[in-house]
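What's in input_9.tsv: TSV, C-alpha atoms and all ligand atoms
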chain	number	residue	atom	x	y	z
A	1	VAL	CA	0.00	0.00	0.00
A	2	SER	CA	1.40	3.38	-0.79
A	3	PHE	CA	-0.01	6.73	0.19
A	4	GLY	CA	0.05	10.22	-1.15
A	5	TYR	CA	-1.73	12.57	1.24
A	6	GLN	CA	-3.75	14.40	-1.41
A	7	GLN	CA	-7.56	14.17	-1.17
A	8	VAL	CA	-8.56	10.68	-2.17
A	9	ASP	CA	-12.07	9.66	-3.10
A	10	PRO	CA	-14.04	7.96	-0.29
A	11	ALA	CA	-14.03	4.46	-1.76
A	12	GLU	CA	-10.28	4.74	-2.24
A	13	LYS	CA	-9.74	5.82	1.39
A	14	THR	CA	-11.85	2.91	2.66
A	15	ARG	CA	-9.83	0.51	0.50
A	16	ARG	CA	-6.52	1.91	1.71
A	17	VAL	CA	-7.55	1.71	5.34
A	18	GLY	CA	-8.48	-1.91	4.67
A	19	GLY	CA	-5.00	-2.52	3.29
A	20	VAL	CA	-3.32	-0.93	6.30
A	21	PHE	CA	-5.11	-3.07	8.85
A	22	SER	CA	-4.77	-6.27	6.86
A	23	ASN	CA	-1.03	-5.62	6.70
A	24	VAL	CA	-0.64	-4.91	10.40
A	25	ALA	CA	-3.25	-7.29	11.91
A	26	ARG	CA	-0.74	-9.95	13.00
A	27	ARG	CA	1.65	-7.45	14.62
A	28	TYR	CA	-1.02	-5.01	15.75
A	29	ASP	CA	-0.96	-5.78	19.47
A	30	VAL	CA	2.84	-5.81	19.72
A	31	MET	CA	3.01	-2.51	17.83
A	32	ASN	CA	0.55	-0.83	20.19
A	33	ASP	CA	2.78	-1.65	23.14
A	34	ALA	CA	5.92	-0.56	21.30
A	35	MET	CA	4.49	2.73	20.07
A	36	SER	CA	2.80	3.83	23.26
A	37	GLY	CA	5.29	2.34	25.74
A	38	GLY	CA	2.41	0.21	27.02
A	39	MET	CA	0.32	3.32	27.77
A	40	HIS	CA	-2.52	2.27	25.46
A	41	ARG	CA	-3.43	-0.32	28.11
A	42	LEU	CA	-3.93	2.41	30.72
A	43	TRP	CA	-5.96	4.55	28.30
A	44	LYS	CA	-8.16	1.56	27.44
A	45	ASN	CA	-8.61	0.69	31.14
A	46	ARG	CA	-9.69	4.23	31.87
A	47	PHE	CA	-12.00	4.26	28.85
A	48	VAL	CA	-13.78	1.11	30.01
A	49	ARG	CA	-14.09	2.52	33.56
A	50	ARG	CA	-15.91	5.52	32.05
A	51	VAL	CA	-18.21	3.30	29.95
A	52	LYS	CA	-19.12	1.33	33.12
A	53	PRO	CA	-20.33	-1.83	31.37
A	54	ARG	CA	-22.81	-3.79	33.45
A	55	ALA	CA	-23.93	-7.41	33.38
A	56	GLY	CA	-26.77	-7.94	30.94
A	57	GLU	CA	-26.08	-4.85	28.86
A	58	ASP	CA	-25.76	-5.08	25.08
A	59	ILE	CA	-22.72	-3.15	23.91
A	60	LEU	CA	-21.51	-2.57	20.38
A	61	ASP	CA	-17.73	-2.24	20.21
A	62	MET	CA	-17.30	-0.61	16.82
A	63	ALA	CA	-13.98	-0.84	15.00
A	64	GLY	CA	-13.27	-3.37	17.72
A	65	GLY	CA	-10.33	-4.89	15.85
A	66	THR	CA	-8.55	-7.57	17.85
A	67	GLY	CA	-10.85	-7.16	20.85
A	68	ASP	CA	-8.91	-5.11	23.42
A	69	ILE	CA	-11.94	-3.08	24.51
A	70	ALA	CA	-14.44	-5.90	24.02
A	71	PHE	CA	-12.53	-8.31	26.30
A	72	ARG	CA	-12.40	-5.73	29.08
A	73	MET	CA	-16.16	-5.10	28.83
A	74	ALA	CA	-17.07	-8.79	28.56
A	75	ASP	CA	-15.01	-9.45	31.71
A	76	LEU	CA	-17.44	-7.11	33.49
A	77	GLY	CA	-20.42	-9.15	32.30
A	78	ALA	CA	-21.66	-7.18	29.30
A	79	SER	CA	-22.79	-8.90	26.10
A	80	VAL	CA	-20.45	-7.44	23.53
A	81	THR	CA	-20.75	-7.37	19.76
A	82	VAL	CA	-17.39	-6.67	18.15
A	83	ALA	CA	-17.83	-5.04	14.75
A	84	ASP	CA	-15.03	-4.17	12.36
A	85	ILE	CA	-14.67	-3.61	8.64
A	86	ASN	CA	-11.54	-5.74	8.48
A	87	PRO	CA	-11.83	-9.55	8.55
A	88	ASP	CA	-8.10	-9.97	9.27
A	89	MET	CA	-8.32	-7.91	12.47
A	90	LEU	CA	-11.46	-9.82	13.50
A	91	ALA	CA	-9.71	-13.14	12.80
A	92	VAL	CA	-6.87	-12.22	15.17
A	93	GLY	CA	-9.47	-11.15	17.74
A	94	MET	CA	-11.33	-14.44	17.47
A	95	GLU	CA	-8.08	-16.37	17.93
A	96	ARG	CA	-7.29	-14.30	21.02
A	97	ALA	CA	-10.80	-15.00	22.37
A	98	ALA	CA	-10.25	-18.74	21.84
A	99	ASP	CA	-6.84	-18.56	23.58
A	100	ARG	CA	-8.34	-16.92	26.63
A	101	ALA	CA	-11.42	-19.17	26.51
A	102	GLN	CA	-13.53	-16.03	26.31
A	103	THR	CA	-17.05	-16.88	25.20
A	104	GLY	CA	-20.16	-14.82	24.63
A	105	LEU	CA	-18.68	-12.33	22.18
A	106	VAL	CA	-20.23	-11.84	18.75
A	107	TRP	CA	-17.81	-10.94	15.93
A	108	THR	CA	-19.20	-9.29	12.84
A	109	GLU	CA	-17.85	-7.58	9.74
A	110	GLN	CA	-19.42	-4.13	9.46
A	111	ASN	CA	-18.68	-0.72	8.03
A	112	ALA	CA	-19.31	1.87	10.76
A	113	GLU	CA	-21.00	4.10	8.16
A	114	THR	CA	-23.69	1.58	7.22
A	115	LEU	CA	-24.48	-0.85	10.04
A	116	SER	CA	-26.69	-3.86	9.37
A	117	PHE	CA	-28.29	-3.70	12.85
A	118	ASP	CA	-31.86	-2.62	13.53
A	119	ALA	CA	-32.43	0.63	15.36
A	120	ALA	CA	-32.26	0.82	19.17
A	121	MET	CA	-30.46	-2.47	19.83
A	122	PHE	CA	-27.62	-1.41	22.13
A	123	ASP	CA	-27.18	0.17	25.57
A	124	ALA	CA	-23.76	1.52	24.72
A	125	TYR	CA	-21.62	2.10	21.61
A	126	THR	CA	-17.86	2.21	22.01
A	127	ILE	CA	-15.23	3.04	19.44
A	128	ALA	CA	-11.54	3.10	20.39
A	129	PHE	CA	-8.87	4.37	18.02
A	130	GLY	CA	-11.29	3.66	15.20
A	131	ILE	CA	-13.24	6.75	14.23
A	132	ARG	CA	-10.32	8.58	12.62
A	133	ASN	CA	-10.03	5.77	10.09
A	134	VAL	CA	-13.64	6.08	9.04
A	135	THR	CA	-14.11	7.92	5.75
A	136	ASP	CA	-17.50	9.54	6.48
A	137	ILE	CA	-17.43	10.36	10.21
A	138	PRO	CA	-20.85	12.11	10.35
A	139	ALA	CA	-22.41	8.99	8.76
A	140	ALA	CA	-20.76	6.77	11.41
A	141	LEU	CA	-21.98	9.05	14.23
A	142	ALA	CA	-25.52	9.01	12.79
A	143	GLU	CA	-25.40	5.21	12.70
A	144	ALA	CA	-24.15	5.11	16.32
A	145	HIS	CA	-27.12	7.22	17.33
A	146	ARG	CA	-29.57	5.05	15.37
A	147	VAL	CA	-28.51	1.71	16.85
A	148	LEU	CA	-28.51	2.97	20.46
A	149	ARG	CA	-31.54	2.65	22.69
A	150	TYR	CA	-32.99	5.75	24.32
A	151	GLY	CA	-30.88	6.31	27.41
A	152	GLY	CA	-27.93	4.72	25.60
A	153	ARG	CA	-24.41	6.11	25.69
A	154	PHE	CA	-21.72	6.80	23.13
A	155	PHE	CA	-18.03	6.61	24.06
A	156	CYS	CA	-15.08	7.30	21.80
A	157	LEU	CA	-11.37	6.95	22.63
A	158	GLU	CA	-9.13	8.64	20.09
A	159	PHE	CA	-5.90	10.49	19.57
A	160	SER	CA	-6.45	14.22	19.51
A	161	THR	CA	-4.38	17.36	19.80
A	162	THR	CA	-2.48	18.01	23.01
A	163	LEU	CA	-2.82	21.54	24.37
A	164	TRP	CA	0.26	21.24	26.61
A	165	PRO	CA	2.86	23.79	25.45
A	166	GLY	CA	5.91	22.14	23.89
A	167	PHE	CA	4.53	18.63	24.21
A	168	GLY	CA	2.78	18.80	20.84
A	169	GLU	CA	6.06	19.51	19.05
A	170	ILE	CA	7.87	16.66	20.80
A	171	TYR	CA	5.02	14.32	19.99
A	172	ASP	CA	4.97	15.44	16.34
A	173	ALA	CA	8.66	14.73	15.97
A	174	TYR	CA	8.25	11.36	17.68
A	175	SER	CA	5.26	10.34	15.61
A	176	HIS	CA	6.57	11.43	12.23
A	177	LYS	CA	10.07	9.98	12.63
A	178	LEU	CA	9.97	7.16	15.13
A	179	VAL	CA	6.56	5.59	14.56
A	180	PRO	CA	7.16	4.78	10.85
A	181	GLN	CA	10.59	3.41	11.87
A	182	LEU	CA	9.00	1.17	14.50
A	183	GLY	CA	6.46	0.12	11.86
A	184	LYS	CA	9.31	-0.86	9.59
A	185	TRP	CA	11.21	-2.83	12.23
A	186	ILE	CA	8.35	-4.61	13.91
A	187	ALA	CA	5.69	-4.97	11.20
A	188	ASP	CA	7.90	-4.49	8.12
A	189	ASP	CA	5.45	-1.85	7.02
A	190	GLU	CA	6.57	1.77	7.17
A	191	ASP	CA	3.82	3.10	4.88
A	192	SER	CA	0.93	1.85	6.96
A	193	TYR	CA	2.28	3.52	10.08
A	194	ARG	CA	2.95	6.71	8.14
A	195	TYR	CA	-0.74	6.65	7.20
A	196	LEU	CA	-1.77	6.11	10.84
A	197	VAL	CA	0.28	9.09	12.02
A	198	GLU	CA	-1.11	11.25	9.25
A	199	SER	CA	-4.69	10.26	10.10
A	200	ILE	CA	-4.09	11.47	13.68
A	201	ARG	CA	-2.83	14.84	12.45
A	202	ARG	CA	-5.88	15.30	10.22
A	203	PHE	CA	-8.48	14.38	12.83
A	204	PRO	CA	-10.67	17.29	14.11
A	205	ASP	CA	-9.58	18.81	17.45
A	206	MET	CA	-11.46	18.03	20.68
A	207	ALA	CA	-13.98	20.90	20.49
A	208	ARG	CA	-14.75	20.29	16.82
A	209	PHE	CA	-15.23	16.57	17.33
A	210	GLU	CA	-17.49	17.20	20.34
A	211	ALA	CA	-19.59	19.49	18.12
A	212	MET	CA	-19.85	16.72	15.51
A	213	ILE	CA	-21.16	14.33	18.18
A	214	ALA	CA	-23.79	16.90	19.18
A	215	GLU	CA	-24.71	17.40	15.51
A	216	ALA	CA	-25.43	13.67	15.29
A	217	GLY	CA	-28.09	14.14	17.99
A	218	PHE	CA	-26.20	13.23	21.17
A	219	VAL	CA	-26.73	15.34	24.28
A	220	ARG	CA	-24.74	16.02	27.47
A	221	THR	CA	-21.59	15.62	25.37
A	222	LYS	CA	-18.31	15.64	27.26
A	223	VAL	CA	-14.58	15.47	26.56
A	224	GLU	CA	-11.98	14.07	28.93
A	225	PRO	CA	-8.46	14.88	27.75
A	226	MET	CA	-5.49	12.71	28.74
A	227	LEU	CA	-1.93	14.01	28.44
A	228	GLY	CA	-3.37	17.42	27.62
A	229	GLY	CA	-5.52	15.97	24.85
A	230	LEU	CA	-2.98	13.74	23.12
A	231	VAL	CA	-5.66	11.14	23.72
A	232	ALA	CA	-9.27	12.01	24.57
A	233	ILE	CA	-12.48	10.32	25.63
A	234	HIS	CA	-15.56	11.88	24.02
A	235	SER	CA	-19.00	10.85	25.22
A	236	GLY	CA	-22.66	11.66	24.76
A	237	TRP	CA	-26.13	10.32	25.43
A	238	LYS	CA	-29.12	9.45	23.31
A	239	VAL	CA	-32.27	10.61	25.09
A	301	LIG	N1	-10.57	-0.79	18.89
A	301	LIG	C1	-9.37	-1.60	18.70
A	301	LIG	C2	-8.31	-1.21	19.72
A	301	LIG	O1	-8.52	-0.19	20.40
A	301	LIG	O2	-7.32	-1.90	19.84
A	301	LIG	C3	-8.81	-1.49	17.28
A	301	LIG	C4	-8.37	-0.14	16.83
A	301	LIG	S1	-7.55	-0.14	15.27
A	301	LIG	C5	-6.39	1.18	15.47
A	301	LIG	C6	-8.72	0.58	14.16
A	301	LIG	C7	-9.75	-0.38	13.61
A	301	LIG	O3	-10.73	0.36	12.88
A	301	LIG	C8	-9.21	-1.42	12.64
A	301	LIG	O4	-9.47	-2.69	13.10
A	301	LIG	C9	-9.94	-1.11	11.34
A	301	LIG	O5	-10.20	-2.25	10.54
A	301	LIG	C10	-11.21	-0.46	11.85
A	301	LIG	N2	-11.94	0.35	10.87
A	301	LIG	C11	-11.43	1.27	10.03
A	301	LIG	N3	-12.39	1.82	9.28
A	301	LIG	C12	-13.57	1.24	9.67
A	301	LIG	C13	-14.93	1.38	9.26
A	301	LIG	N4	-15.28	2.24	8.31
A	301	LIG	N5	-15.84	0.61	9.87
A	301	LIG	C14	-15.49	-0.26	10.82
A	301	LIG	N6	-14.23	-0.44	11.25
A	301	LIG	C15	-13.27	0.30	10.69
Step by step, read the file and then write its structure as structure tokens.
Amino acid sequence: VSFGYQQVDPAEKTRRVGGVFSNVARRYDVMNDAMSGGMHRLWKNRFVRRVKPRAGEDILDMAGGTGDIAFRMADLGASVTVADINPDMLAVGMERAADRAQTGLVWTEQNAETLSFDAAMFDAYTIAFGIRNVTDIPAALAEAHRVLRYGGRFFCLEFSTTLWPGFGEIYDAYSHKLVPQLGKWIADDEDSYRYLVESIRRFPDMARFEAMIAEAGFVRTKVEPMLGGLVAIHSGWKV
């Protein structure tokens, strides 16, 4: 897969994103630890604490990939549907579930923009490090709203823009130089990781993304920045 960063047409972006995750699926979990120094585990733990999954709840973990968020929520008793556009990521997730003898998860291939579920099926919708890869974000947010029950909650964990002075520059240098290098060494795929870094840079800032969530119909929207907003948890409610 090779990327120029000019505007690409939507079908082309969706295809490229597919290529990236098929390429990295096998090394995905190792790379997350390498790139974040293990911190992604803490961010995901905090995210799931905010979601507060409860036994008996139906939760859709969108762009659920290899299951990191889904496993944490299933451990707390929720019935989790893991949906992802990429069958290779899902396949790794299903193998991990088998290894840990984790049952009760449903794995399904879905595009976040056009879900096959009926309306009002879920108590919560989670999406972690997924939304920035989606081509039509407003369409995905509208679908999140549609499939949630009234009283349901939306939670998104995503890289954003840190507001800490100086930190942004250090992070930019790190992400543009070191992350593609790590991608090359560990996953033998520099281009895919270059794309991932670029997709973070292009993603709307915290206030703009919160406004997009409100535009999709969610209320009581909230943002919780971590590391000054390097990573953020956005949430909202369907009432
Ligand atoms: N949520 C997992 C985690 O936190 O480890 C996986 C995150 S991974 C960085 C991003 C995932 O988004 C990939 O598995 C990719 O296939 C998926 N994805 C990208 N575009 C998507 C779309 N339009 N619909 C559904 N999933 C999508």
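Counting from atom CA of A:Ile186, the distance to atom CA of A:Glu158 is 22.8 Å.
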- Any idea what's packed within 12 Å of A:Val82, counting all atoms listed in the file, ignoring anything in its chain fewer than 5 positions away? Could you give it as number ranges by chain? A: 58-71, 73-74, 87, 89-91, 93-94, 97, 104-112, 125-128
Save out the residues we just selected, C-alpha atoms, as a PDB file, keeping the file's coordinate frame.
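Below you can see selection01.pdb, which holds the result:
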ATOM      1  CA  ASP A  58     -25.760  -5.080  25.080  1.00  0.00           C
ATOM      2  CA  ILE A  59     -22.720  -3.150  23.910  1.00  0.00           C
ATOM      3  CA  LEU A  60     -21.510  -2.570  20.380  1.00  0.00           C
ATOM      4  CA  ASP A  61     -17.730  -2.240  20.210  1.00  0.00           C
ATOM      5  CA  MET A  62     -17.300  -0.610  16.820  1.00  0.00           C
ATOM      6  CA  ALA A  63     -13.980  -0.840  15.000  1.00  0.00           C
ATOM      7  CA  GLY A  64     -13.270  -3.370  17.720  1.00  0.00           C
ATOM      8  CA  GLY A  65     -10.330  -4.890  15.850  1.00  0.00           C
ATOM      9  CA  THR A  66      -8.550  -7.570  17.850  1.00  0.00           C
ATOM     10  CA  GLY A  67     -10.850  -7.160  20.850  1.00  0.00           C
ATOM     11  CA  ASP A  68      -8.910  -5.110  23.420  1.00  0.00           C
ATOM     12  CA  ILE A  69     -11.940  -3.080  24.510  1.00  0.00           C
ATOM     13  CA  ALA A  70     -14.440  -5.900  24.020  1.00  0.00           C
ATOM     14  CA  PHE A  71     -12.530  -8.310  26.300  1.00  0.00           C
ATOM     15  CA  MET A  73     -16.160  -5.100  28.830  1.00  0.00           C
ATOM     16  CA  ALA A  74     -17.070  -8.790  28.560  1.00  0.00           C
ATOM     17  CA  PRO A  87     -11.830  -9.550   8.550  1.00  0.00           C
ATOM     18  CA  MET A  89      -8.320  -7.910  12.470  1.00  0.00           C
ATOM     19  CA  LEU A  90     -11.460  -9.820  13.500  1.00  0.00           C
ATOM     20  CA  ALA A  91      -9.710 -13.140  12.800  1.00  0.00           C
ATOM     21  CA  GLY A  93      -9.470 -11.150  17.740  1.00  0.00           C
ATOM     22  CA  MET A  94     -11.330 -14.440  17.470  1.00  0.00           C
ATOM     23  CA  ALA A  97     -10.800 -15.000  22.370  1.00  0.00           C
ATOM     24  CA  GLY A 104     -20.160 -14.820  24.630  1.00  0.00           C
ATOM     25  CA  LEU A 105     -18.680 -12.330  22.180  1.00  0.00           C
ATOM     26  CA  VAL A 106     -20.230 -11.840  18.750  1.00  0.00           C
ATOM     27  CA  TRP A 107     -17.810 -10.940  15.930  1.00  0.00           C
ATOM     28  CA  THR A 108     -19.200  -9.290  12.840  1.00  0.00           C
ATOM     29  CA  GLU A 109     -17.850  -7.580   9.740  1.00  0.00           C
ATOM     30  CA  GLN A 110     -19.420  -4.130   9.460  1.00  0.00           C
ATOM     31  CA  ASN A 111     -18.680  -0.720   8.030  1.00  0.00           C
ATOM     32  CA  ALA A 112     -19.310   1.870  10.760  1.00  0.00           C
ATOM     33  CA  TYR A 125     -21.620   2.100  21.610  1.00  0.00           C
ATOM     34  CA  THR A 126     -17.860   2.210  22.010  1.00  0.00           C
ATOM     35  CA  ILE A 127     -15.230   3.040  19.440  1.00  0.00           C
ATOM     36  CA  ALA A 128     -11.540   3.100  20.390  1.00  0.00           C
TER      37      ALA A 128
END
- With distances taken over only C-alpha atoms and all ligand atoms, which of A:Glu113, A:Asp99, A:Asp188, A:Asp172 is nearest to ligand LIG 301 (chain A)? A:Glu113
- Note on the structure: Pairwise distance, atom C6 of ligand LIG 301 (chain A) with atom CA of A:Asn133, equals 6.7 Å
- Message: Around the point (-12.6, 9.4, 24.8) (coordinates from the file), which residues reach within 8 Å if we count only C-alpha atoms? Answer as a list in words.
- Response: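 Looking at atoms near the point gives Phe47, Ala128, Phe155, Cys156, Leu157, Glu158, Val223, Glu224, Pro225, Val231, Ala232, Ile233, His234 and Ser235 of chain A.
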- Choose the residue, out of A:Tyr174, A:Phe117, A:Phe203, A:Phe129, that has the smallest atom-to-atom separation from ligand LIG 301 (chain A); count all atoms listed in the file. A:Phe129
Incomplete stretch 159-189 of chain A brought to N, CA and C atoms, written out as a short mmCIF file (atom, residue, chain, number, x, y, z; two decimals), keeping the file's coordinate frame:
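New file rebuild-v2.cif:
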data_model
loop_
_atom_site.label_atom_id
_atom_site.label_comp_id
_atom_site.auth_asym_id
_atom_site.auth_seq_id
_atom_site.Cartn_x
_atom_site.Cartn_y
_atom_site.Cartn_z
N PHE A 159 -6.96 9.50 19.53
CA PHE A 159 -5.90 10.49 19.57
C PHE A 159 -6.49 11.84 19.20
N SER A 160 -5.97 12.90 19.84
CA SER A 160 -6.45 14.22 19.51
C SER A 160 -5.25 15.16 19.47
N THR A 161 -5.48 16.40 19.87
CA THR A 161 -4.38 17.36 19.80
C THR A 161 -4.05 17.83 21.21
N THR A 162 -2.83 17.60 21.65
CA THR A 162 -2.48 18.01 23.01
C THR A 162 -2.37 19.53 23.09
N LEU A 163 -2.88 20.08 24.19
CA LEU A 163 -2.82 21.54 24.37
C LEU A 163 -1.66 21.92 25.28
N TRP A 164 -0.87 20.93 25.74
CA TRP A 164 0.26 21.24 26.61
C TRP A 164 1.37 21.89 25.78
N PRO A 165 1.83 23.09 26.21
CA PRO A 165 2.86 23.79 25.45
C PRO A 165 4.12 22.95 25.30
N GLY A 166 4.65 22.87 24.11
CA GLY A 166 5.91 22.14 23.89
C GLY A 166 5.72 20.66 23.64
N PHE A 167 4.72 20.07 24.30
CA PHE A 167 4.53 18.63 24.21
C PHE A 167 4.10 18.22 22.80
N GLY A 168 3.27 19.08 22.19
CA GLY A 168 2.78 18.80 20.84
C GLY A 168 3.92 18.65 19.86
N GLU A 169 4.92 19.53 19.98
CA GLU A 169 6.06 19.51 19.05
C GLU A 169 6.88 18.23 19.25
N ILE A 170 7.09 17.89 20.52
CA ILE A 170 7.87 16.66 20.80
C ILE A 170 7.14 15.46 20.23
N TYR A 171 5.81 15.44 20.47
CA TYR A 171 5.02 14.32 19.99
C TYR A 171 5.03 14.24 18.46
N ASP A 172 4.94 15.42 17.80
CA ASP A 172 4.97 15.44 16.34
C ASP A 172 6.25 14.83 15.80
N ALA A 173 7.36 15.23 16.41
CA ALA A 173 8.66 14.73 15.97
C ALA A 173 8.71 13.21 16.18
N TYR A 174 8.26 12.80 17.37
CA TYR A 174 8.25 11.36 17.68
C TYR A 174 7.41 10.61 16.65
N SER A 175 6.18 11.12 16.42
CA SER A 175 5.26 10.34 15.61
C SER A 175 5.68 10.32 14.15
N HIS A 176 6.23 11.41 13.66
CA HIS A 176 6.57 11.43 12.23
C HIS A 176 7.87 10.70 11.92
N LYS A 177 8.79 10.66 12.91
CA LYS A 177 10.07 9.98 12.63
C LYS A 177 10.08 8.56 13.17
N LEU A 178 9.75 8.45 14.47
CA LEU A 178 9.97 7.16 15.13
C LEU A 178 8.89 6.12 14.82
N VAL A 179 7.64 6.57 14.75
CA VAL A 179 6.56 5.59 14.56
C VAL A 179 6.71 4.84 13.23
N PRO A 180 6.95 5.54 12.10
CA PRO A 180 7.16 4.78 10.85
C PRO A 180 8.37 3.85 10.94
N GLN A 181 9.41 4.28 11.68
CA GLN A 181 10.59 3.41 11.87
C GLN A 181 10.20 2.14 12.63
N LEU A 182 9.45 2.33 13.72
CA LEU A 182 9.00 1.17 14.50
C LEU A 182 8.15 0.26 13.62
N GLY A 183 7.30 0.89 12.78
CA GLY A 183 6.46 0.12 11.86
C GLY A 183 7.31 -0.72 10.93
N LYS A 184 8.43 -0.14 10.51
CA LYS A 184 9.31 -0.86 9.59
C LYS A 184 9.98 -2.05 10.30
N TRP A 185 10.49 -1.76 11.52
CA TRP A 185 11.21 -2.83 12.23
C TRP A 185 10.30 -3.96 12.66
N ILE A 186 9.17 -3.57 13.26
CA ILE A 186 8.35 -4.61 13.91
C ILE A 186 7.37 -5.24 12.92
N ALA A 187 6.73 -4.42 12.08
CA ALA A 187 5.69 -4.97 11.20
C ALA A 187 6.14 -5.00 9.74
N ASP A 188 7.38 -4.57 9.49
CA ASP A 188 7.90 -4.49 8.12
C ASP A 188 6.94 -3.70 7.23
N ASP A 189 6.43 -2.62 7.76
CA ASP A 189 5.45 -1.85 7.02
C ASP A 189 5.49 -0.38 7.45
#
